[in-house]
$ cat entry-v7.txt   # compact mmCIF, C-alpha atoms and all ligand atoms
# COMPACT_ATOMS: atom_id res chain seq x y z
CA MET A 19 18.16 -45.95 -1.29
CA ALA A 20 16.99 -46.72 2.27
CA THR A 21 14.45 -44.26 3.62
CA MET A 22 12.82 -43.37 6.90
CA THR A 23 9.33 -41.95 7.36
CA SER A 24 8.56 -39.01 9.64
CA TRP A 25 5.76 -36.59 10.48
CA VAL A 26 6.80 -33.02 9.67
CA LEU A 27 5.03 -29.93 11.04
CA ARG A 28 3.59 -27.92 8.13
CA HIS A 29 1.23 -25.47 9.89
CA ARG A 30 0.68 -24.41 13.48
CA PRO A 31 -2.77 -25.74 14.39
CA HIS A 32 -5.62 -23.39 15.27
CA GLY A 33 -7.90 -25.25 17.64
CA GLU A 34 -7.73 -29.02 17.23
CA ILE A 35 -4.85 -30.52 15.25
CA GLY A 36 -6.10 -30.69 11.65
CA PRO A 37 -5.28 -33.13 8.85
CA GLY A 38 -2.99 -30.72 6.98
CA ASP A 39 -1.04 -29.48 10.00
CA LEU A 40 1.46 -32.35 9.74
CA GLU A 41 2.66 -34.28 6.71
CA LEU A 42 4.06 -37.80 6.54
CA VAL A 43 7.25 -37.68 4.46
CA ASP A 44 9.91 -40.16 3.37
CA ARG A 45 13.49 -39.02 3.85
CA PRO A 46 16.82 -40.63 2.97
CA MET A 47 18.30 -42.64 5.83
CA PRO A 48 21.46 -40.80 6.95
CA GLU A 49 24.81 -42.63 6.89
CA LEU A 50 26.12 -43.45 10.36
CA GLY A 51 29.00 -41.30 11.58
CA GLU A 52 31.62 -42.50 14.05
CA GLY A 53 29.96 -43.21 17.43
CA GLN A 54 26.43 -43.07 15.98
CA VAL A 55 23.68 -45.68 16.04
CA ARG A 56 20.49 -46.21 14.05
CA ALA A 57 17.42 -47.46 15.88
CA ARG A 58 13.99 -48.38 14.59
CA VAL A 59 11.34 -46.80 16.78
CA VAL A 60 9.13 -49.31 18.57
CA TYR A 61 6.91 -47.12 20.77
CA LEU A 62 6.22 -43.42 20.32
CA SER A 63 4.65 -41.54 23.22
CA LEU A 64 1.72 -39.25 22.41
CA ASP A 65 1.30 -36.53 25.00
CA PRO A 66 -0.92 -33.50 25.54
CA THR A 67 2.20 -31.36 25.40
CA ASN A 68 2.60 -32.30 21.72
CA ARG A 69 -0.10 -29.72 21.04
CA ILE A 70 1.88 -27.09 22.96
CA TRP A 71 5.07 -27.91 21.05
CA MET A 72 3.17 -27.41 17.77
CA SER A 73 2.28 -23.85 18.82
CA ASP A 74 4.60 -20.89 19.10
CA GLN A 75 3.32 -19.82 22.51
CA ASP A 76 5.85 -19.11 25.25
CA GLN A 77 6.75 -22.59 26.55
CA TYR A 78 9.36 -24.68 28.35
CA LEU A 79 11.11 -26.01 25.20
CA PRO A 80 11.57 -24.29 21.84
CA PRO A 81 8.47 -24.72 19.68
CA VAL A 82 8.81 -27.30 16.89
CA GLN A 83 9.61 -25.21 13.82
CA ILE A 84 7.61 -25.41 10.60
CA GLY A 85 9.33 -28.03 8.41
CA GLU A 86 10.86 -29.88 11.37
CA VAL A 87 10.09 -33.46 12.36
CA MET A 88 7.49 -33.46 15.12
CA ARG A 89 9.07 -33.94 18.55
CA GLY A 90 8.10 -36.95 20.64
CA GLY A 91 9.52 -39.42 23.12
CA GLY A 92 10.24 -42.99 22.13
CA ILE A 93 11.86 -46.35 22.69
CA GLY A 94 13.58 -48.29 19.93
CA VAL A 95 15.72 -51.26 18.95
CA VAL A 96 19.20 -50.64 17.58
CA GLU A 97 19.61 -51.87 13.99
CA ALA A 98 23.13 -50.58 13.25
CA SER A 99 25.85 -49.24 15.48
CA ARG A 100 29.20 -47.50 15.24
CA SER A 101 29.20 -46.92 18.99
CA ASP A 102 31.31 -48.79 21.55
CA ARG A 103 28.55 -48.33 24.10
CA ILE A 104 25.41 -49.46 22.27
CA LYS A 105 25.17 -52.67 20.23
CA VAL A 106 22.79 -54.01 17.61
CA GLY A 107 19.67 -55.44 19.26
CA ASP A 108 19.84 -53.18 22.33
CA VAL A 109 16.54 -51.65 23.39
CA VAL A 110 17.18 -47.97 24.08
CA ASN A 111 15.41 -44.86 25.26
CA LEU A 112 15.55 -42.51 22.28
CA GLY A 113 14.81 -39.38 24.29
CA LEU A 114 12.81 -36.94 22.19
CA GLY A 115 13.65 -38.79 18.98
CA GLY A 116 10.53 -37.63 17.18
CA TRP A 117 7.50 -38.92 15.27
CA THR A 118 9.54 -41.07 12.95
CA THR A 119 10.24 -44.68 12.03
CA HIS A 120 14.00 -44.43 12.67
CA VAL A 121 16.35 -42.34 14.75
CA VAL A 122 20.04 -41.78 14.02
CA ALA A 123 21.83 -40.43 17.08
CA ASP A 124 25.09 -40.46 18.97
CA GLY A 125 25.37 -43.60 21.08
CA VAL A 126 26.25 -41.48 24.11
CA ALA A 127 22.84 -39.78 23.90
CA LEU A 128 20.90 -43.07 24.19
CA THR A 129 20.06 -44.96 27.37
CA PRO A 130 19.72 -48.76 27.34
CA MET A 131 16.41 -49.78 28.87
CA PRO A 132 16.43 -51.86 32.06
CA LYS A 133 14.83 -55.31 32.02
CA ILE A 134 12.54 -56.19 34.90
CA PRO A 135 11.01 -59.69 34.75
CA GLY A 136 7.27 -59.50 34.19
CA VAL A 137 7.29 -55.78 33.38
CA PRO A 138 6.41 -55.01 29.73
CA LEU A 139 8.28 -52.48 27.64
CA THR A 140 5.19 -50.27 27.59
CA ALA A 141 5.66 -49.67 31.33
CA PHE A 142 8.82 -47.72 30.56
CA MET A 143 6.76 -45.45 28.32
CA SER A 144 4.25 -44.93 31.10
CA VAL A 145 4.33 -45.67 34.79
CA LEU A 146 8.11 -46.19 34.85
CA GLY A 147 8.76 -43.37 32.40
CA ALA A 148 7.97 -39.67 32.30
CA THR A 149 4.31 -40.34 33.13
CA GLY A 150 5.11 -42.04 36.43
CA LEU A 151 7.76 -39.47 37.32
CA THR A 152 5.29 -36.65 36.66
CA ALA A 153 2.71 -38.26 38.93
CA TRP A 154 5.26 -39.00 41.66
CA PHE A 155 6.99 -35.60 41.83
CA GLY A 156 3.71 -33.73 41.45
CA MET A 157 1.93 -35.66 44.15
CA VAL A 158 4.69 -36.60 46.56
CA ASP A 159 7.08 -33.65 46.26
CA ILE A 160 4.59 -30.84 45.62
CA GLY A 161 1.18 -32.06 46.80
CA GLN A 162 2.57 -33.74 49.91
CA PRO A 163 -0.70 -35.43 50.89
CA LYS A 164 -1.05 -36.52 54.48
CA ALA A 165 -3.26 -39.09 56.15
CA GLY A 166 -6.79 -37.78 56.54
CA GLU A 167 -6.39 -34.96 54.01
CA THR A 168 -8.65 -34.63 50.96
CA VAL A 169 -6.99 -34.77 47.54
CA VAL A 170 -8.69 -34.04 44.22
CA VAL A 171 -7.17 -35.24 40.95
CA SER A 172 -8.49 -34.03 37.58
CA ALA A 173 -8.11 -36.14 34.39
CA ALA A 174 -7.91 -38.79 37.09
CA ALA A 175 -8.40 -41.81 34.85
CA GLY A 176 -5.65 -40.67 32.51
CA ALA A 177 -2.05 -41.80 32.44
CA VAL A 178 -0.65 -39.31 34.98
CA GLY A 179 -3.79 -38.79 37.05
CA SER A 180 -4.46 -42.47 37.72
CA ILE A 181 -0.96 -42.93 39.16
CA ALA A 182 -1.04 -39.67 41.10
CA GLY A 183 -4.28 -40.65 42.80
CA GLN A 184 -2.97 -44.07 43.81
CA LEU A 185 0.14 -42.46 45.32
CA ALA A 186 -2.06 -40.17 47.42
CA LYS A 187 -4.15 -43.15 48.57
CA ARG A 188 -0.96 -44.91 49.68
CA ARG A 189 -0.28 -41.93 51.94
CA GLY A 190 -3.61 -42.24 53.65
CA ALA A 191 -5.44 -39.37 51.97
CA ARG A 192 -9.07 -39.36 50.83
CA VAL A 193 -8.88 -39.16 47.05
CA ILE A 194 -11.58 -37.84 44.73
CA GLY A 195 -11.06 -38.24 40.99
CA ILE A 196 -12.65 -36.18 38.23
CA ALA A 197 -12.98 -38.03 34.92
CA GLY A 198 -15.16 -38.21 31.82
CA GLY A 199 -17.70 -41.03 31.68
CA ALA A 200 -19.13 -43.73 33.89
CA ALA A 201 -16.63 -46.42 32.86
CA LYS A 202 -13.60 -44.33 33.77
CA CYS A 203 -15.19 -43.30 37.08
CA ALA A 204 -16.00 -46.93 37.87
CA TRP A 205 -12.36 -47.91 37.22
CA LEU A 206 -11.18 -45.24 39.68
CA THR A 207 -13.39 -46.36 42.54
CA GLY A 208 -13.66 -50.06 41.71
CA GLU A 209 -10.05 -50.92 40.89
CA LEU A 210 -7.75 -48.08 41.90
CA GLY A 211 -9.21 -47.47 45.35
CA PHE A 212 -10.26 -43.85 44.86
CA ASP A 213 -12.83 -42.86 47.49
CA ALA A 214 -15.14 -41.26 44.94
CA ALA A 215 -15.24 -40.10 41.35
CA ILE A 216 -17.03 -37.26 39.61
CA ASP A 217 -18.11 -37.64 35.99
CA TYR A 218 -17.56 -34.09 34.74
CA LYS A 219 -19.35 -34.92 31.49
CA SER A 220 -22.67 -35.70 33.19
CA GLU A 221 -22.47 -34.22 36.69
CA ASP A 222 -22.26 -30.74 38.24
CA VAL A 223 -18.63 -30.74 39.40
CA GLY A 224 -19.10 -27.97 41.98
CA ALA A 225 -22.16 -29.58 43.55
CA ARG A 226 -20.47 -32.97 43.69
CA LEU A 227 -17.34 -31.46 45.27
CA ASP A 228 -19.54 -29.82 47.90
CA ALA A 229 -21.13 -33.18 48.67
CA LEU A 230 -17.91 -35.20 48.62
CA CYS A 231 -15.56 -32.71 50.31
CA PRO A 232 -17.59 -31.22 53.20
CA ASN A 233 -14.34 -30.29 54.98
CA GLY A 234 -12.74 -28.70 51.93
CA ILE A 235 -9.82 -29.78 49.76
CA ASP A 236 -6.18 -29.91 50.83
CA VAL A 237 -4.42 -30.94 47.61
CA ASP A 238 -5.36 -30.31 43.99
CA PHE A 239 -3.42 -32.39 41.46
CA GLU A 240 -4.40 -30.25 38.51
CA ASN A 241 -4.35 -31.71 35.01
CA VAL A 242 -7.23 -29.87 33.34
CA GLY A 243 -7.33 -26.14 34.21
CA GLY A 244 -10.23 -23.87 33.25
CA GLU A 245 -13.63 -24.38 34.85
CA ILE A 246 -12.72 -27.64 36.61
CA MET A 247 -9.64 -26.09 38.22
CA ASP A 248 -11.78 -23.13 39.31
CA GLN A 249 -14.28 -25.40 41.03
CA VAL A 250 -11.52 -27.21 42.94
CA ILE A 251 -9.45 -24.19 43.96
CA SER A 252 -12.51 -22.32 45.22
CA ARG A 253 -12.98 -25.10 47.81
CA MET A 254 -9.41 -25.35 49.06
CA ASN A 255 -8.49 -25.23 52.73
CA ASN A 256 -5.91 -23.10 54.49
CA CYS A 257 -2.36 -24.01 53.40
CA GLY A 258 -3.70 -26.15 50.54
CA ARG A 259 -1.30 -27.19 47.78
CA VAL A 260 -1.95 -27.14 44.04
CA ALA A 261 0.40 -29.29 41.97
CA LEU A 262 -0.18 -27.59 38.61
CA CYS A 263 0.71 -30.42 36.26
CA GLY A 264 -1.30 -29.51 33.20
CA MET A 265 -4.19 -27.47 31.79
CA ILE A 266 -5.32 -29.69 28.95
CA SER A 267 -8.69 -27.94 28.57
CA THR A 268 -6.81 -24.87 27.32
CA TYR A 269 -4.26 -26.38 24.90
CA ASN A 270 -6.49 -26.15 21.82
CA LYS A 271 -7.35 -22.52 22.56
CA ASP A 272 -5.48 -19.45 21.39
CA GLY A 273 -4.39 -16.81 23.88
CA PRO A 274 -3.43 -16.99 27.52
CA ALA A 275 -5.13 -19.61 29.68
CA PRO A 276 -7.37 -18.24 32.44
CA GLY A 277 -6.23 -18.68 36.02
CA PRO A 278 -8.43 -19.12 39.11
CA THR A 279 -11.30 -16.62 39.11
CA ASP A 280 -11.02 -16.15 42.87
CA PHE A 281 -7.30 -15.42 42.91
CA GLY A 282 -7.73 -13.72 46.29
CA ARG A 283 -8.32 -17.15 47.79
CA VAL A 284 -4.62 -17.92 47.28
CA LEU A 285 -3.90 -15.09 49.72
CA MET A 286 -6.76 -15.57 52.17
CA HIS A 287 -6.19 -19.31 52.47
CA ARG A 288 -2.37 -19.25 52.13
CA LEU A 289 -2.45 -21.61 49.15
CA THR A 290 0.67 -22.76 47.34
CA ILE A 291 0.31 -23.18 43.57
CA LYS A 292 3.36 -24.72 41.97
CA GLY A 293 3.65 -25.34 38.26
CA PHE A 294 6.16 -28.03 37.39
CA ILE A 295 7.67 -29.74 34.35
CA VAL A 296 8.91 -33.29 34.73
CA ILE A 297 12.17 -32.72 32.85
CA ASP A 298 13.37 -30.55 35.75
CA TYR A 299 13.06 -33.60 38.01
CA LEU A 300 14.90 -36.13 35.84
CA PRO A 301 18.12 -35.90 37.91
CA ARG A 302 16.02 -37.08 40.87
CA ALA A 303 14.25 -39.90 38.96
CA GLY A 304 15.75 -42.52 41.27
CA GLU A 305 13.69 -41.22 44.21
CA ALA A 306 10.45 -41.85 42.33
CA LEU A 307 11.50 -45.13 40.76
CA ALA A 308 12.49 -46.50 44.17
CA GLU A 309 8.77 -46.46 45.03
CA LEU A 310 7.23 -46.98 41.59
CA GLY A 311 9.47 -49.89 40.46
CA PRO A 312 8.54 -52.37 43.21
CA LEU A 313 4.87 -51.35 43.11
CA VAL A 314 4.72 -52.01 39.36
CA ALA A 315 6.64 -55.27 39.62
CA SER A 316 4.27 -56.50 42.35
CA GLY A 317 1.19 -55.33 40.49
CA GLU A 318 0.06 -53.16 43.43
CA LEU A 319 0.12 -50.00 41.32
CA LYS A 320 -2.37 -50.24 38.44
CA TRP A 321 -1.72 -48.66 35.07
CA LYS A 322 -2.87 -49.06 31.47
CA ALA A 323 -1.45 -48.41 28.03
CA HIS A 324 -3.59 -47.66 24.98
CA VAL A 325 -1.56 -48.72 21.94
CA VAL A 326 -2.42 -47.55 18.42
CA ASP A 327 -0.62 -49.37 15.62
CA GLY A 328 1.21 -47.54 12.84
CA LEU A 329 3.07 -44.23 12.69
CA GLU A 330 0.64 -43.16 9.96
CA ASN A 331 -2.11 -43.07 12.62
CA ALA A 332 -0.24 -40.77 15.03
CA VAL A 333 -2.06 -37.58 14.04
CA ASP A 334 -5.52 -39.15 14.36
CA ALA A 335 -4.50 -40.79 17.62
CA VAL A 336 -3.15 -37.68 19.34
CA GLY A 337 -6.63 -36.13 19.11
CA ARG A 338 -7.88 -38.83 21.50
CA LEU A 339 -6.09 -37.05 24.35
CA PHE A 340 -8.48 -34.14 23.95
CA THR A 341 -11.67 -36.18 23.70
CA GLY A 342 -10.77 -38.91 26.20
CA ALA A 343 -11.21 -41.63 23.55
CA HIS A 344 -8.32 -43.62 24.96
CA ASP A 345 -7.87 -45.84 27.97
CA GLY A 346 -4.43 -45.38 29.53
CA LYS A 347 -1.10 -43.97 28.40
CA LEU A 348 -1.44 -43.26 24.70
CA LEU A 349 1.31 -44.87 22.59
CA VAL A 350 1.89 -45.58 18.94
CA ARG A 351 3.49 -48.95 18.08
CA VAL A 352 5.68 -47.87 15.19
CA SER A 353 7.29 -51.31 14.71
CA PRO A 354 7.06 -54.65 16.53
CA GLU A 355 8.91 -55.19 19.80
CA ALA A 356 10.60 -58.43 18.74
N1 LIG B 1 4.00 -31.04 33.96
C1 LIG B 1 4.52 -32.07 33.32
O1 LIG B 1 5.73 -32.28 33.26
C2 LIG B 1 3.57 -33.02 32.63
C3 LIG B 1 4.01 -34.25 32.12
C4 LIG B 1 3.07 -35.11 31.54
C5 LIG B 1 1.74 -34.71 31.45
N2 LIG B 1 1.37 -33.50 31.93
C6 LIG B 1 -0.02 -33.05 31.91
O2 LIG B 1 -0.79 -34.01 32.59
C7 LIG B 1 -2.12 -34.02 32.07
C8 LIG B 1 -2.48 -35.45 31.72
O3 LIG B 1 -1.59 -35.94 30.72
P1 LIG B 1 -1.54 -37.49 30.34
O4 LIG B 1 -0.38 -37.65 29.45
O5 LIG B 1 -1.65 -38.29 31.57
O6 LIG B 1 -2.84 -37.66 29.46
P2 LIG B 1 -4.17 -38.43 29.82
O7 LIG B 1 -4.65 -37.95 31.15
O8 LIG B 1 -3.95 -39.88 29.65
O9 LIG B 1 -5.14 -37.93 28.68
C9 LIG B 1 -5.67 -36.62 28.74
C10 LIG B 1 -7.03 -36.65 29.44
O10 LIG B 1 -7.42 -35.33 29.71
C11 LIG B 1 -8.82 -35.30 29.83
N3 LIG B 1 -9.30 -34.10 29.14
C12 LIG B 1 -8.99 -33.69 27.89
N4 LIG B 1 -9.63 -32.55 27.60
C13 LIG B 1 -10.36 -32.23 28.69
C14 LIG B 1 -11.25 -31.18 29.00
N5 LIG B 1 -11.50 -30.18 28.13
N6 LIG B 1 -11.85 -31.17 30.23
C15 LIG B 1 -11.61 -32.17 31.10
N7 LIG B 1 -10.77 -33.21 30.88
C16 LIG B 1 -10.17 -33.24 29.68
C17 LIG B 1 -9.38 -36.57 29.20
O11 LIG B 1 -9.84 -37.36 30.27
P3 LIG B 1 -11.37 -37.87 30.35
O12 LIG B 1 -11.47 -39.07 29.46
O13 LIG B 1 -11.51 -38.21 31.80
O14 LIG B 1 -12.23 -36.75 29.88
C18 LIG B 1 -8.14 -37.22 28.58
O15 LIG B 1 -8.20 -38.61 28.66
C19 LIG B 1 -2.10 -33.06 30.88
O16 LIG B 1 -2.58 -31.80 31.30
C20 LIG B 1 -0.62 -32.96 30.52
O17 LIG B 1 -0.31 -31.76 29.88
C21 LIG B 1 2.26 -32.67 32.52
$ encode --input "entry-v7.txt" --output "structure tokens" --more "lines below"
Ligand SMILES: NC(=O)c1ccc[n+]([C@@H]2O[C@H](COP(=O)([O-])OP(=O)(O)OC[C@H]3O[C@@H](n4cnc5c(N)ncnc54)[C@H](OP(=O)(O)O)[C@@H]3O)[C@@H](O)[C@H]2O)c1
Amino acid sequence: MATMTSWVLRHRPHGEIGPGDLELVDRPMPELGEGQVRARVVYLSLDPTNRIWMSDQDQYLPPVQIGEVMRGGGIGVVEASRSDRIKVGDVVNLGLGGWTTHVVADGVALTPMPKIPGVPLTAFMSVLGATGLTAWFGMVDIGQPKAGETVVVSAAAGAVGSIAGQLAKRRGARVIGIAGGAAKCAWLTGELGFDAAIDYKSEDVGARLDALCPNGIDVDFENVGGEIMDQVISRMNNCGRVALCGMISTYNKDGPAPGPTDFGRVLMHRLTIKGFIVIDYLPRAGEALAELGPLVASGELKWKAHVVDGLENAVDAVGRLFTGAHDGKLLVRVSPEA
């Protein structure tokens, strides 16, 4: 009997995701119903929000239930089809198909991937996928940086942050990135055109912000939360904007995440703090892709993917998001592209 292999949630993690929290199980491959297709997963996206989905905290999607296949975004190649729309060999966006080797789904639920000469498939899992849309809507729609303004991006060398910072630079802002380690900081200033970078692992973030932002901060693209967010918000100018994209420093902690200590500053300085989730912006994806597509095709916008081979390594790999031991959008290659 043909089988598929999937990661199933067994326990809700406390702190970091532990070895027994998920289990790799073989399951029978379902028969295809009318209109259904079976795809083998090629790339699985690993995202900080995976940790949120494993918890039962109040969140923007239902938590993954104990015993369910872990949720995750992916791209795959169709191996069998009973759909008029999707044929064998098509490369399709599987939506949130899960941490699994195969997905069986209705053909109408799958989107064939575009082909852009010179643009690898991994781009559609990163800069031309949810990552790029998150950076674009957060920075352009919410942050609205203007020429001469000062923008700070946290987790700036990561998948979302690196794109967000480049978009702010293209709008003429001064962009300061906060990242962990000298190599990531050097990439920001040396290759991406950031004006400065702060290594939060070895430098005093507040003191460096004082030195680098003598006229205050106008936009905070916030990926980290906690102490780093506090340091940025406490230096924001009148009518500053906070695009609250993520709070990764809090995801492995139980209980509510702390907000800005000086909440009164939001009032005194007329700040706007807007939390956002990229799925709300998907109907407007074309607006972002109209800018991102040509910039990626021309190579003007820089991005990286960090690919880990083998679905069996997904649990170990997802931990890299919380230590920074990855270099670019974190993906698992579940099966070969060809
Ligand atoms: N709102 C949305 O719809 C949406 C969509 C996608 C992502 N996000 C959010 O965007 C943020 C970045 O996600 P991503 O997918 O692009 O991942 P990523 O930035 O490629 O990886 C996460 C990075 O976070 C940094 N980090 C982890 N723990 C930290 C800590 N305690 N203090 C400081 N930095 C820490 C690490 O950077 P260093 O190596 O520099 O330490 C790590 O590389 C996350 O907060 C995520 O939840 C939001």
$ atom_distance --input "entry-v7.txt" --atom1 "atom CA of Gln77 of chain A" --atom2 "atom C18 of ligand LIG 1 (chain B)"
21.0 Å
$ closest_residue --input "entry-v7.txt" --among "A:Met247, A:Ala153, A:Ala57, A:Ile104" --to "Pro276 of chain A" --atoms "all atoms listed in the file"
A:Met247
$ closest_residue --input "entry-v7.txt" --among "A:Ile246, A:Leu146, A:Leu313, A:Leu319" --to "ligand LIG 1 (chain B)" --atoms "all atoms listed in the file"
A:Ile246
$ closest_atom_pairs --input "entry-v7.txt" --of "chain A" --to "ligand LIG 1 (chain B)" --cutoff "7 Å" --atoms "all atoms listed in the file" --output "Markdown table"
| residue | atom | partner | partner_atom | distance |
| --- | --- | --- | --- | --- |
| A:Asp65 | CA | B:LIG1 | O4 | 4.9 |
| A:Pro66 | CA | B:LIG1 | O17 | 4.7 |
| A:Thr67 | CA | B:LIG1 | O17 | 5.2 |
| A:Ala148 | CA | B:LIG1 | C3 | 6.7 |
| A:Thr149 | CA | B:LIG1 | C4 | 5.6 |
| A:Thr152 | CA | B:LIG1 | C3 | 5.3 |
| A:Ala173 | CA | B:LIG1 | O11 | 4.6 |
| A:Ala174 | CA | B:LIG1 | O13 | 6.4 |
| A:Ala175 | CA | B:LIG1 | O13 | 5.7 |
| A:Gly176 | CA | B:LIG1 | O7 | 3.2 |
| A:Ala177 | CA | B:LIG1 | O5 | 3.6 |
| A:Val178 | CA | B:LIG1 | O5 | 3.7 |
| A:Gly179 | CA | B:LIG1 | O5 | 5.9 |
| A:Ile196 | CA | B:LIG1 | O13 | 6.8 |
| A:Ala197 | CA | B:LIG1 | O13 | 3.5 |
| A:Gly198 | CA | B:LIG1 | O13 | 3.7 |
| A:Gly199 | CA | B:LIG1 | O13 | 6.8 |
| A:Lys202 | CA | B:LIG1 | O13 | 6.8 |
| A:Asn241 | CA | B:LIG1 | O16 | 4.1 |
| A:Val242 | CA | B:LIG1 | C15 | 5.4 |
| A:Cys263 | CA | B:LIG1 | N1 | 4.1 |
| A:Gly264 | CA | B:LIG1 | O16 | 3.2 |
| A:Met265 | CA | B:LIG1 | O16 | 4.6 |
| A:Ile266 | CA | B:LIG1 | O16 | 4.2 |
| A:Ser267 | CA | B:LIG1 | N5 | 3.6 |
| A:Phe294 | CA | B:LIG1 | N1 | 5.0 |
| A:Ile295 | CA | B:LIG1 | O1 | 3.4 |
| A:Val296 | CA | B:LIG1 | O1 | 3.6 |
| A:Ile297 | CA | B:LIG1 | O1 | 6.5 |
| A:Leu339 | CA | B:LIG1 | C9 | 4.4 |
| A:Phe340 | CA | B:LIG1 | C12 | 4.0 |
| A:Thr341 | CA | B:LIG1 | C12 | 5.6 |
| A:Gly342 | CA | B:LIG1 | O12 | 3.3 |
| A:Ala343 | CA | B:LIG1 | O12 | 6.4 |
| A:His344 | CA | B:LIG1 | O15 | 6.2 |
| A:Gly346 | CA | B:LIG1 | O8 | 5.5 |
| A:Lys347 | CA | B:LIG1 | O8 | 5.1 |
| A:Leu348 | CA | B:LIG1 | O8 | 6.5 |
$ residues_around --input "entry-v7.txt" --residues "Ser24 of chain A" --least-positions-apart "2" --cutoff "9 Å" --atoms "all atoms listed in the file" --output "list of chain:residue names"
A:Met22, A:Val26, A:Glu41, A:Leu42, A:Val43, A:Asp44, A:Arg45, A:Val87, A:Met88, A:Gly116, A:Trp117, A:Thr118, A:Thr119, A:His120, A:Leu329, A:Glu330
$ closest_residue --input "entry-v7.txt" --among "A:Val82, A:Val59, A:Ala306, A:Leu64" --to "Val95 of chain A" --atoms "only C-alpha atoms"
A:Val59
$ atom_distance --input "entry-v7.txt" --atom1 "atom CA of Ala123 of chain A" --atom2 "atom CA of Phe142 of chain A"
20.1 Å
$ residues_around --input "entry-v7.txt" --residues "Arg351 of chain A" --least-positions-apart "2" --cutoff "9 Å" --atoms "all atoms listed in the file" --output "ChimeraX atom specification"
/A:59-62,325-329,349,353-355
$ decode --input "entry-v7.txt" --residues "segment 113-162 of chain A" --atoms "C-alpha atoms" --output "PDB file, in the first residue's frame"
ATOM      1  CA  GLY A 113      -1.539  26.578   0.366  1.00  0.00           C
ATOM      2  CA  LEU A 114      -1.212  25.377   3.948  1.00  0.00           C
ATOM      3  CA  GLY A 115      -0.783  21.763   2.854  1.00  0.00           C
ATOM      4  CA  GLY A 116       1.183  20.782   5.934  1.00  0.00           C
ATOM      5  CA  TRP A 117       4.454  19.180   7.029  1.00  0.00           C
ATOM      6  CA  THR A 118       4.041  16.169   4.813  1.00  0.00           C
ATOM      7  CA  THR A 119       5.508  14.424   1.786  1.00  0.00           C
ATOM      8  CA  HIS A 120       2.249  14.467  -0.205  1.00  0.00           C
ATOM      9  CA  VAL A 121      -0.915  16.514  -0.341  1.00  0.00           C
ATOM     10  CA  VAL A 122      -4.262  15.311  -1.684  1.00  0.00           C
ATOM     11  CA  ALA A 123      -6.569  18.237  -2.371  1.00  0.00           C
ATOM     12  CA  ASP A 124      -9.290  19.512  -4.645  1.00  0.00           C
ATOM     13  CA  GLY A 125      -7.805  20.863  -7.861  1.00  0.00           C
ATOM     14  CA  VAL A 126      -9.802  24.070  -7.428  1.00  0.00           C
ATOM     15  CA  ALA A 127      -7.932  24.781  -4.179  1.00  0.00           C
ATOM     16  CA  LEU A 128      -4.491  24.715  -5.843  1.00  0.00           C
ATOM     17  CA  THR A 129      -2.811  27.539  -7.737  1.00  0.00           C
ATOM     18  CA  PRO A 130      -0.384  26.789 -10.597  1.00  0.00           C
ATOM     19  CA  MET A 131       2.889  28.613 -10.033  1.00  0.00           C
ATOM     20  CA  PRO A 132       3.963  31.264 -12.540  1.00  0.00           C
ATOM     21  CA  LYS A 133       7.229  30.784 -14.435  1.00  0.00           C
ATOM     22  CA  ILE A 134       9.551  33.765 -14.655  1.00  0.00           C
ATOM     23  CA  PRO A 135      12.788  33.169 -16.603  1.00  0.00           C
ATOM     24  CA  GLY A 136      15.786  33.286 -14.281  1.00  0.00           C
ATOM     25  CA  VAL A 137      13.690  33.254 -11.104  1.00  0.00           C
ATOM     26  CA  PRO A 138      14.073  30.042  -9.064  1.00  0.00           C
ATOM     27  CA  LEU A 139      11.154  28.229  -7.494  1.00  0.00           C
ATOM     28  CA  THR A 140      12.457  29.143  -4.043  1.00  0.00           C
ATOM     29  CA  ALA A 141      11.652  32.797  -4.794  1.00  0.00           C
ATOM     30  CA  PHE A 142       7.954  31.926  -4.735  1.00  0.00           C
ATOM     31  CA  MET A 143       8.435  30.564  -1.217  1.00  0.00           C
ATOM     32  CA  SER A 144      10.150  33.770  -0.178  1.00  0.00           C
ATOM     33  CA  VAL A 145      10.414  37.168  -1.778  1.00  0.00           C
ATOM     34  CA  LEU A 146       7.581  36.496  -4.256  1.00  0.00           C
ATOM     35  CA  GLY A 147       5.514  34.593  -1.697  1.00  0.00           C
ATOM     36  CA  ALA A 148       4.081  35.387   1.717  1.00  0.00           C
ATOM     37  CA  THR A 149       7.467  36.662   2.935  1.00  0.00           C
ATOM     38  CA  GLY A 150       7.687  39.357   0.281  1.00  0.00           C
ATOM     39  CA  LEU A 151       4.027  40.302   0.677  1.00  0.00           C
ATOM     40  CA  THR A 152       4.499  40.654   4.441  1.00  0.00           C
ATOM     41  CA  ALA A 153       7.482  42.946   3.937  1.00  0.00           C
ATOM     42  CA  TRP A 154       5.721  45.002   1.262  1.00  0.00           C
ATOM     43  CA  PHE A 155       2.382  45.567   3.010  1.00  0.00           C
ATOM     44  CA  GLY A 156       4.040  46.126   6.372  1.00  0.00           C
ATOM     45  CA  MET A 157       6.539  48.638   5.083  1.00  0.00           C
ATOM     46  CA  VAL A 158       4.727  50.309   2.206  1.00  0.00           C
ATOM     47  CA  ASP A 159       1.107  50.230   3.360  1.00  0.00           C
ATOM     48  CA  ILE A 160       1.595  50.596   7.121  1.00  0.00           C
ATOM     49  CA  GLY A 161       5.067  52.050   7.666  1.00  0.00           C
ATOM     50  CA  GLN A 162       4.787  54.481   4.763  1.00  0.00           C
TER      51      GLN A 162
END
